[in-house]
$ cat work.csv   # CSV, C-alpha atoms
chain,number,residue,atom,x,y,z
A,44,MET,CA,1.7,19.2,-10.8
A,45,LYS,CA,4.4,20.2,-13.3
A,46,THR,CA,7.1,20.3,-10.6
A,47,ILE,CA,6.4,16.7,-9.7
A,48,LYS,CA,6.4,15.7,-13.4
A,49,LEU,CA,9.8,17.5,-13.9
A,50,PHE,CA,11.1,15.6,-10.9
A,51,ASN,CA,9.8,12.2,-11.8
A,52,GLU,CA,10.6,12.3,-15.5
A,53,GLY,CA,13.8,14.4,-15.3
A,54,ILE,CA,15.9,14.9,-12.2
A,55,TYR,CA,14.9,11.7,-10.3
A,56,LYS,CA,15.0,9.5,-13.4
A,57,LYS,CA,18.5,10.8,-14.3
A,58,ALA,CA,19.8,10.7,-10.7
A,59,THR,CA,18.6,7.1,-10.3
A,60,ALA,CA,20.2,6.1,-13.6
A,61,ALA,CA,23.5,7.8,-12.7
A,62,ARG,CA,23.5,6.3,-9.2
A,63,ASN,CA,23.2,2.8,-10.7
A,64,VAL,CA,26.1,3.5,-13.1
A,65,ARG,CA,28.2,4.9,-10.2
A,66,LEU,CA,27.4,1.8,-8.1
A,67,ASN,CA,28.5,-0.4,-11.1
A,68,HIS,CA,31.7,1.7,-11.3
A,69,HIS,CA,32.4,1.3,-7.6
A,70,ASN,CA,31.9,-2.5,-7.9
A,71,VAL,CA,34.3,-2.7,-10.8
A,72,VAL,CA,37.0,-0.6,-9.1
A,73,ASN,CA,36.7,-2.8,-6.0
A,74,GLU,CA,37.2,-5.9,-8.1
A,75,LEU,CA,40.2,-4.3,-9.8
A,76,SER,CA,41.7,-3.5,-6.4
A,77,GLN,CA,41.2,-7.1,-5.3
A,78,LEU,CA,42.7,-8.4,-8.6
A,79,ASP,CA,45.8,-6.3,-8.0
A,80,ALA,CA,46.4,-7.9,-4.7
A,81,LYS,CA,45.8,-11.4,-6.1
A,82,ILE,CA,48.2,-10.7,-9.1
A,83,ASN,CA,50.9,-9.6,-6.7
A,84,TYR,CA,50.4,-12.7,-4.5
A,85,TYR,CA,50.5,-15.2,-7.4
A,86,ARG,CA,53.5,-13.4,-9.0
A,87,LYS,CA,55.4,-13.9,-5.7
A,88,GLU,CA,54.3,-17.5,-5.8
A,89,LYS,CA,55.5,-17.7,-9.4
A,90,ASP,CA,52.1,-19.1,-10.5
A,91,PHE,CA,52.2,-17.3,-13.8
A,92,ALA,CA,49.3,-19.2,-15.2
A,93,GLU,CA,47.0,-17.8,-12.5
A,94,VAL,CA,48.6,-14.3,-13.0
A,95,SER,CA,47.9,-14.5,-16.7
A,96,LYS,CA,44.2,-15.5,-16.1
A,97,LEU,CA,43.8,-12.7,-13.6
A,98,LYS,CA,45.4,-10.1,-15.9
A,99,LYS,CA,42.9,-11.1,-18.6
A,100,ARG,CA,40.1,-10.4,-16.2
A,101,GLN,CA,41.9,-7.1,-15.2
A,102,ASN,CA,41.9,-6.0,-18.9
A,103,GLU,CA,38.2,-6.8,-19.2
A,104,LEU,CA,37.4,-4.7,-16.1
A,105,GLU,CA,39.6,-1.8,-17.3
A,106,GLY,CA,37.7,-1.8,-20.5
A,107,GLN,CA,34.4,-1.7,-18.6
A,108,ILE,CA,35.6,1.2,-16.5
A,109,GLY,CA,36.1,3.3,-19.7
A,110,ALA,CA,32.6,2.3,-21.0
A,111,ILE,CA,31.1,3.1,-17.6
A,112,GLU,CA,32.8,6.6,-17.5
A,113,GLU,CA,31.4,7.3,-21.0
A,114,GLU,CA,28.0,6.1,-19.8
A,115,LEU,CA,28.1,8.7,-16.9
A,116,GLN,CA,28.4,11.4,-19.5
A,117,ASP,CA,25.2,10.3,-21.3
A,118,GLU,CA,22.5,12.9,-21.5
A,119,GLY,CA,20.0,10.6,-19.8
A,120,LYS,CA,22.2,10.4,-16.7
A,121,THR,CA,23.4,14.0,-16.4
A,122,ILE,CA,21.4,16.7,-14.6
A,123,THR,CA,22.2,20.0,-16.2
A,124,ASP,CA,21.9,23.5,-14.8
A,125,LYS,CA,19.0,24.0,-17.1
A,126,ASP,CA,17.2,21.0,-15.5
A,127,PHE,CA,17.8,22.5,-12.0
A,128,GLN,CA,16.6,25.9,-13.0
A,129,ALA,CA,13.5,24.6,-14.7
A,130,PHE,CA,12.7,22.6,-11.5
A,131,TYR,CA,13.2,25.5,-9.1
A,132,ASP,CA,11.3,28.0,-11.3
A,133,THR,CA,8.3,25.7,-11.6
A,134,TYR,CA,8.5,24.8,-7.9
A,135,ASN,CA,8.5,28.4,-6.8
A,136,GLY,CA,5.6,29.3,-9.1
A,137,GLU,CA,3.5,26.3,-8.0
A,138,LEU,CA,4.3,26.7,-4.3
A,139,ASN,CA,3.3,30.4,-4.5
A,140,THR,CA,0.0,29.3,-6.0
A,141,LEU,CA,-0.5,26.7,-3.2
A,142,ASN,CA,0.4,29.2,-0.5
A,143,SER,CA,-2.2,31.6,-1.8
A,144,LYS,CA,-4.8,28.9,-1.9
A,145,HIS,CA,-3.9,27.7,1.6
A,146,SER,CA,-4.2,31.3,2.9
A,147,LYS,CA,-7.7,31.6,1.4
A,148,LEU,CA,-8.8,28.2,2.7
A,149,ASN,CA,-7.4,29.0,6.1
A,150,GLU,CA,-9.5,32.2,6.2
A,151,GLN,CA,-12.6,30.2,5.2
A,152,MET,CA,-11.9,27.7,8.1
A,153,LEU,CA,-11.5,30.5,10.6
A,154,GLU,CA,-14.8,32.0,9.3
A,155,LYS,CA,-16.5,28.7,9.7
A,156,ILE,CA,-15.1,28.4,13.3
A,157,GLU,CA,-16.5,31.9,14.0
A,158,GLU,CA,-19.9,30.7,12.7
A,159,LEU,CA,-19.6,27.7,15.0
A,160,LYS,CA,-18.9,30.0,17.9
A,161,VAL,CA,-22.1,32.1,17.1
A,162,ILE,CA,-24.2,28.9,16.9
A,163,PHE,CA,-22.7,27.5,20.0
A,164,ALA,CA,-23.4,30.7,21.9
A,165,GLU,CA,-27.0,30.4,20.9
A,166,LEU,CA,-27.1,26.8,21.8
A,167,ASP,CA,-25.6,27.6,25.2
A,168,GLU,CA,-28.1,30.4,25.8
A,169,ASN,CA,-30.9,27.9,25.0
A,170,LYS,CA,-29.4,25.6,27.6
A,171,HIS,CA,-29.4,28.4,30.2
A,172,VAL,CA,-33.1,28.9,29.7
A,173,ALA,CA,-33.7,25.2,29.9
A,174,SER,CA,-31.7,25.0,33.1
A,175,ARG,CA,-34.0,27.5,34.7
A,176,LEU,CA,-37.0,25.4,33.7
A,177,ILE,CA,-35.4,22.2,34.9
A,178,SER,CA,-34.4,23.8,38.3
A,179,ARG,CA,-38.0,24.8,38.8
A,180,LYS,CA,-39.3,21.3,37.9
A,181,ARG,CA,-36.9,19.9,40.4
A,182,TYR,CA,-38.2,22.3,43.1
A,183,VAL,CA,-41.8,21.3,42.2
A,184,ASP,CA,-41.0,17.6,42.3
A,185,ALA,CA,-39.3,18.0,45.7
A,186,LEU,CA,-42.3,20.0,47.0
A,187,LYS,CA,-44.8,17.5,45.8
A,188,ASN,CA,-42.9,14.6,47.4
A,189,SER,CA,-42.2,16.5,50.7
A,190,PRO,CA,-44.8,19.3,51.1
A,191,ASP,CA,-43.8,20.0,54.7
A,192,SER,CA,-40.0,20.1,54.1
A,193,THR,CA,-38.2,23.2,55.2
A,194,THR,CA,-35.0,22.3,53.3
A,195,ILE,CA,-36.1,22.7,49.7
A,196,ILE,CA,-34.1,25.4,48.0
A,197,LEU,CA,-34.7,26.9,44.6
A,198,GLU,CA,-31.6,26.5,42.4
A,199,ASP,CA,-32.3,29.5,40.1
A,200,SER,CA,-30.1,28.2,37.3
A,201,MET,CA,-28.2,24.9,36.9
A,202,PRO,CA,-24.7,24.9,35.3
A,203,THR,CA,-25.2,24.3,31.6
A,204,HIS,CA,-22.8,21.4,31.5
A,205,LYS,CA,-25.4,19.5,33.6
A,206,VAL,CA,-28.2,20.2,31.2
A,207,VAL,CA,-28.8,17.4,28.6
A,208,LEU,CA,-31.4,18.1,26.0
A,209,CYS,CA,-32.6,15.6,23.3
A,210,GLY,CA,-30.4,13.0,25.0
A,211,THR,CA,-27.2,14.4,23.6
A,212,GLU,CA,-24.1,16.0,25.2
A,213,THR,CA,-23.5,19.5,23.9
A,214,ASP,CA,-20.5,20.9,25.8
A,215,PRO,CA,-17.5,22.4,23.9
A,216,ARG,CA,-15.3,19.4,24.4
A,217,GLU,CA,-17.9,17.1,22.9
A,218,TYR,CA,-18.1,19.3,19.8
A,219,SER,CA,-14.4,19.6,19.6
A,220,TRP,CA,-14.1,15.8,19.4
A,221,ILE,CA,-16.7,15.7,16.7
A,222,VAL,CA,-14.8,18.4,14.7
A,223,ASP,CA,-11.5,16.7,15.3
A,224,ASN,CA,-12.8,13.3,14.2
A,225,GLU,CA,-14.3,14.8,11.0
A,226,LEU,CA,-11.2,16.7,10.1
A,227,SER,CA,-9.0,13.7,10.8
A,228,ALA,CA,-11.3,11.6,8.6
A,229,ALA,CA,-10.8,14.1,5.8
A,230,VAL,CA,-7.0,13.8,6.2
A,231,LYS,CA,-7.1,10.0,6.1
A,232,GLU,CA,-9.4,10.0,3.0
A,233,ASN,CA,-6.9,12.4,1.2
A,234,ALA,CA,-3.9,10.2,2.2
A,235,GLN,CA,-5.7,7.1,0.9
A,236,LYS,CA,-6.6,8.8,-2.3
A,237,HIS,CA,-3.0,9.9,-3.0
A,238,TYR,CA,-1.7,6.4,-2.0
A,239,ASN,CA,-4.1,4.7,-4.4
A,240,ASN,CA,-3.2,7.2,-7.2
A,241,GLY,CA,0.5,6.8,-6.6
A,242,GLY,CA,0.9,10.4,-5.5
A,243,ILE,CA,-0.1,13.7,-7.1
A,244,LYS,CA,0.7,13.7,-10.8
$ encode --input "work.csv" --output "structure tokens"
Amino acid sequence: MKTIKLFNEGIYKKATAARNVRLNHHNVVNELSQLDAKINYYRKEKDFAEVSKLKKRQNELEGQIGAIEEELQDEGKTITDKDFQAFYDTYNGELNTLNSKHSKLNEQMLEKIEELKVIFAELDENKHVASRLISRKRYVDALKNSPDSTTIILEDSMPTHKVVLCGTETDPREYSWIVDNELSAAVKENAQKHYNNGGIK
């Protein structure tokens, strides 16, 4: 993605470089502040040898401050309005493209779910027919085992959730778990792919 390239090679790179320089600037300013306090202390103590040594270090740091401030103005550490505009323009264009693609893919997913609904309705109807066969088999079994019984009742149709064909569960929840597991696996595979590649280029 061009947006990510602009970010990695431009804005983030410059921002990181500038941050390091600013941290260096902060550290030098802190040391100068501490030196001021020490110089004042040793001056009161009339330890001019130590004052002289500390002032030498102070001059060195003041020279560094100037160099650091110049470094902050360096092109490689300054994010310009042009950099920001290029990033936002590219971002908006690429995100619009991704939004359009997302919309189309979302429609495809919903169409596939509708297809699943049609197939499941047929599967459920098949189970309804099977339930009528099974209920009659149960009646025949009971009649065979107790031909003189007066309590045998024909259950015209069993609830489909009680019907297990081919040894597999086929209720909506079972299928939703299968779909959820498969979609979650796709997300994990994508995450692993992007992790291994160091992100989208």
$ closest_atom_pairs --input "work.csv" --of "stretch 115-183 of chain A" --to "stretch 189-198 of chain A" --cutoff "12 Å" --atoms "all atoms listed in the file" --output "CSV"
residue,atom,partner,partner_atom,distance
A:Ser174,CA,A:Glu198,CA,9.4
A:Arg175,CA,A:Glu198,CA,8.1
A:Leu176,CA,A:Glu198,CA,10.3
A:Ile177,CA,A:Glu198,CA,9.4
A:Ser178,CA,A:Glu198,CA,5.7
A:Arg179,CA,A:Leu197,CA,7.0
A:Lys180,CA,A:Leu197,CA,9.9
A:Arg181,CA,A:Leu197,CA,8.5
A:Tyr182,CA,A:Leu197,CA,6.0
A:Val183,CA,A:Leu197,CA,9.4
$ residues_around --input "work.csv" --residues "stretch 70-74 of chain A" --least-positions-apart "6" --cutoff "8 Å" --atoms "only C-alpha atoms" --output "short mmCIF file (atom, residue, chain, number, x, y, z; two decimals) with C-alpha atoms, keeping the file's coordinate frame"
data_model
loop_
_atom_site.label_atom_id
_atom_site.label_comp_id
_atom_site.auth_asym_id
_atom_site.auth_seq_id
_atom_site.Cartn_x
_atom_site.Cartn_y
_atom_site.Cartn_z
CA LEU A 104 37.40 -4.70 -16.10
CA GLN A 107 34.40 -1.70 -18.60
CA ILE A 108 35.60 1.20 -16.50
#
$ atom_distance --input "work.csv" --atom1 "atom CA of A:Gly210" --atom2 "atom CA of A:Ala173"
13.6 Å
$ axis_aligned_box --input "work.csv" --around "stretch 111-119 of chain A" --padding-each-side "6 Å" --output "AutoDock Vina command-line options"
--center_x 26.4 --center_y 8.0 --center_z -19.2 --size_x 24.8 --size_y 21.8 --size_z 16.6
$ atom_distance --input "work.csv" --atom1 "atom CA of A:Glu212" --atom2 "atom CA of A:Asn169"
13.7 Å
$ atom_distance --input "work.csv" --atom1 "atom CA of A:Asp79" --atom2 "atom CA of A:Asn67"
18.5 Å
$ build_atoms --input "work.csv" --residues "stretch 120-136 of chain A" --atoms "N, CA, C and O atoms" --output "PDB file, keeping the file's coordinate frame"
ATOM      1  N   LYS A 120      21.725  10.650 -18.054  1.00  0.00           N
ATOM      2  CA  LYS A 120      22.200  10.400 -16.700  1.00  0.00           C
ATOM      3  C   LYS A 120      22.913  11.694 -16.142  1.00  0.00           C
ATOM      4  O   LYS A 120      23.551  11.649 -15.093  1.00  0.00           O
ATOM      5  N   THR A 121      22.783  12.800 -16.848  1.00  0.00           N
ATOM      6  CA  THR A 121      23.400  14.000 -16.400  1.00  0.00           C
ATOM      7  C   THR A 121      22.375  15.118 -16.157  1.00  0.00           C
ATOM      8  O   THR A 121      21.600  15.477 -17.047  1.00  0.00           O
ATOM      9  N   ILE A 122      22.345  15.597 -14.917  1.00  0.00           N
ATOM     10  CA  ILE A 122      21.400  16.700 -14.600  1.00  0.00           C
ATOM     11  C   ILE A 122      22.114  17.994 -14.834  1.00  0.00           C
ATOM     12  O   ILE A 122      23.140  18.307 -14.229  1.00  0.00           O
ATOM     13  N   THR A 123      21.556  18.757 -15.755  1.00  0.00           N
ATOM     14  CA  THR A 123      22.200  20.000 -16.200  1.00  0.00           C
ATOM     15  C   THR A 123      21.685  21.190 -15.334  1.00  0.00           C
ATOM     16  O   THR A 123      20.685  21.084 -14.621  1.00  0.00           O
ATOM     17  N   ASP A 124      22.393  22.314 -15.449  1.00  0.00           N
ATOM     18  CA  ASP A 124      21.900  23.500 -14.800  1.00  0.00           C
ATOM     19  C   ASP A 124      20.555  23.935 -15.261  1.00  0.00           C
ATOM     20  O   ASP A 124      19.736  24.460 -14.497  1.00  0.00           O
ATOM     21  N   LYS A 125      20.305  23.653 -16.525  1.00  0.00           N
ATOM     22  CA  LYS A 125      19.000  24.000 -17.100  1.00  0.00           C
ATOM     23  C   LYS A 125      17.898  23.134 -16.429  1.00  0.00           C
ATOM     24  O   LYS A 125      16.797  23.630 -16.154  1.00  0.00           O
ATOM     25  N   ASP A 126      18.203  21.864 -16.148  1.00  0.00           N
ATOM     26  CA  ASP A 126      17.200  21.000 -15.500  1.00  0.00           C
ATOM     27  C   ASP A 126      16.945  21.540 -14.058  1.00  0.00           C
ATOM     28  O   ASP A 126      15.783  21.609 -13.645  1.00  0.00           O
ATOM     29  N   PHE A 127      18.004  21.920 -13.342  1.00  0.00           N
ATOM     30  CA  PHE A 127      17.800  22.500 -12.000  1.00  0.00           C
ATOM     31  C   PHE A 127      16.999  23.747 -12.024  1.00  0.00           C
ATOM     32  O   PHE A 127      16.076  23.929 -11.229  1.00  0.00           O
ATOM     33  N   GLN A 128      17.333  24.637 -12.957  1.00  0.00           N
ATOM     34  CA  GLN A 128      16.600  25.900 -13.000  1.00  0.00           C
ATOM     35  C   GLN A 128      15.163  25.742 -13.373  1.00  0.00           C
ATOM     36  O   GLN A 128      14.293  26.393 -12.776  1.00  0.00           O
ATOM     37  N   ALA A 129      14.885  24.837 -14.319  1.00  0.00           N
ATOM     38  CA  ALA A 129      13.500  24.600 -14.700  1.00  0.00           C
ATOM     39  C   ALA A 129      12.705  24.047 -13.491  1.00  0.00           C
ATOM     40  O   ALA A 129      11.559  24.451 -13.250  1.00  0.00           O
ATOM     41  N   PHE A 130      13.341  23.142 -12.723  1.00  0.00           N
ATOM     42  CA  PHE A 130      12.700  22.600 -11.500  1.00  0.00           C
ATOM     43  C   PHE A 130      12.388  23.689 -10.514  1.00  0.00           C
ATOM     44  O   PHE A 130      11.264  23.815 -10.024  1.00  0.00           O
ATOM     45  N   TYR A 131      13.415  24.483 -10.174  1.00  0.00           N
ATOM     46  CA  TYR A 131      13.200  25.500  -9.100  1.00  0.00           C
ATOM     47  C   TYR A 131      12.232  26.579  -9.562  1.00  0.00           C
ATOM     48  O   TYR A 131      11.424  27.037  -8.756  1.00  0.00           O
ATOM     49  N   ASP A 132      12.269  26.985 -10.836  1.00  0.00           N
ATOM     50  CA  ASP A 132      11.300  28.000 -11.300  1.00  0.00           C
ATOM     51  C   ASP A 132       9.886  27.485 -11.206  1.00  0.00           C
ATOM     52  O   ASP A 132       8.984  28.190 -10.738  1.00  0.00           O
ATOM     53  N   THR A 133       9.676  26.243 -11.643  1.00  0.00           N
ATOM     54  CA  THR A 133       8.300  25.700 -11.600  1.00  0.00           C
ATOM     55  C   THR A 133       7.893  25.449 -10.141  1.00  0.00           C
ATOM     56  O   THR A 133       6.752  25.726  -9.781  1.00  0.00           O
ATOM     57  N   TYR A 134       8.824  24.975  -9.325  1.00  0.00           N
ATOM     58  CA  TYR A 134       8.500  24.800  -7.900  1.00  0.00           C
ATOM     59  C   TYR A 134       8.081  26.058  -7.238  1.00  0.00           C
ATOM     60  O   TYR A 134       7.061  26.100  -6.549  1.00  0.00           O
ATOM     61  N   ASN A 135       8.850  27.128  -7.439  1.00  0.00           N
ATOM     62  CA  ASN A 135       8.500  28.400  -6.800  1.00  0.00           C
ATOM     63  C   ASN A 135       7.155  28.925  -7.256  1.00  0.00           C
ATOM     64  O   ASN A 135       6.357  29.406  -6.449  1.00  0.00           O
ATOM     65  N   GLY A 136       6.880  28.814  -8.556  1.00  0.00           N
ATOM     66  CA  GLY A 136       5.600  29.300  -9.100  1.00  0.00           C
ATOM     67  C   GLY A 136       4.430  28.482  -8.512  1.00  0.00           C
ATOM     68  O   GLY A 136       3.429  29.049  -8.060  1.00  0.00           O
TER      69      GLY A 136
END
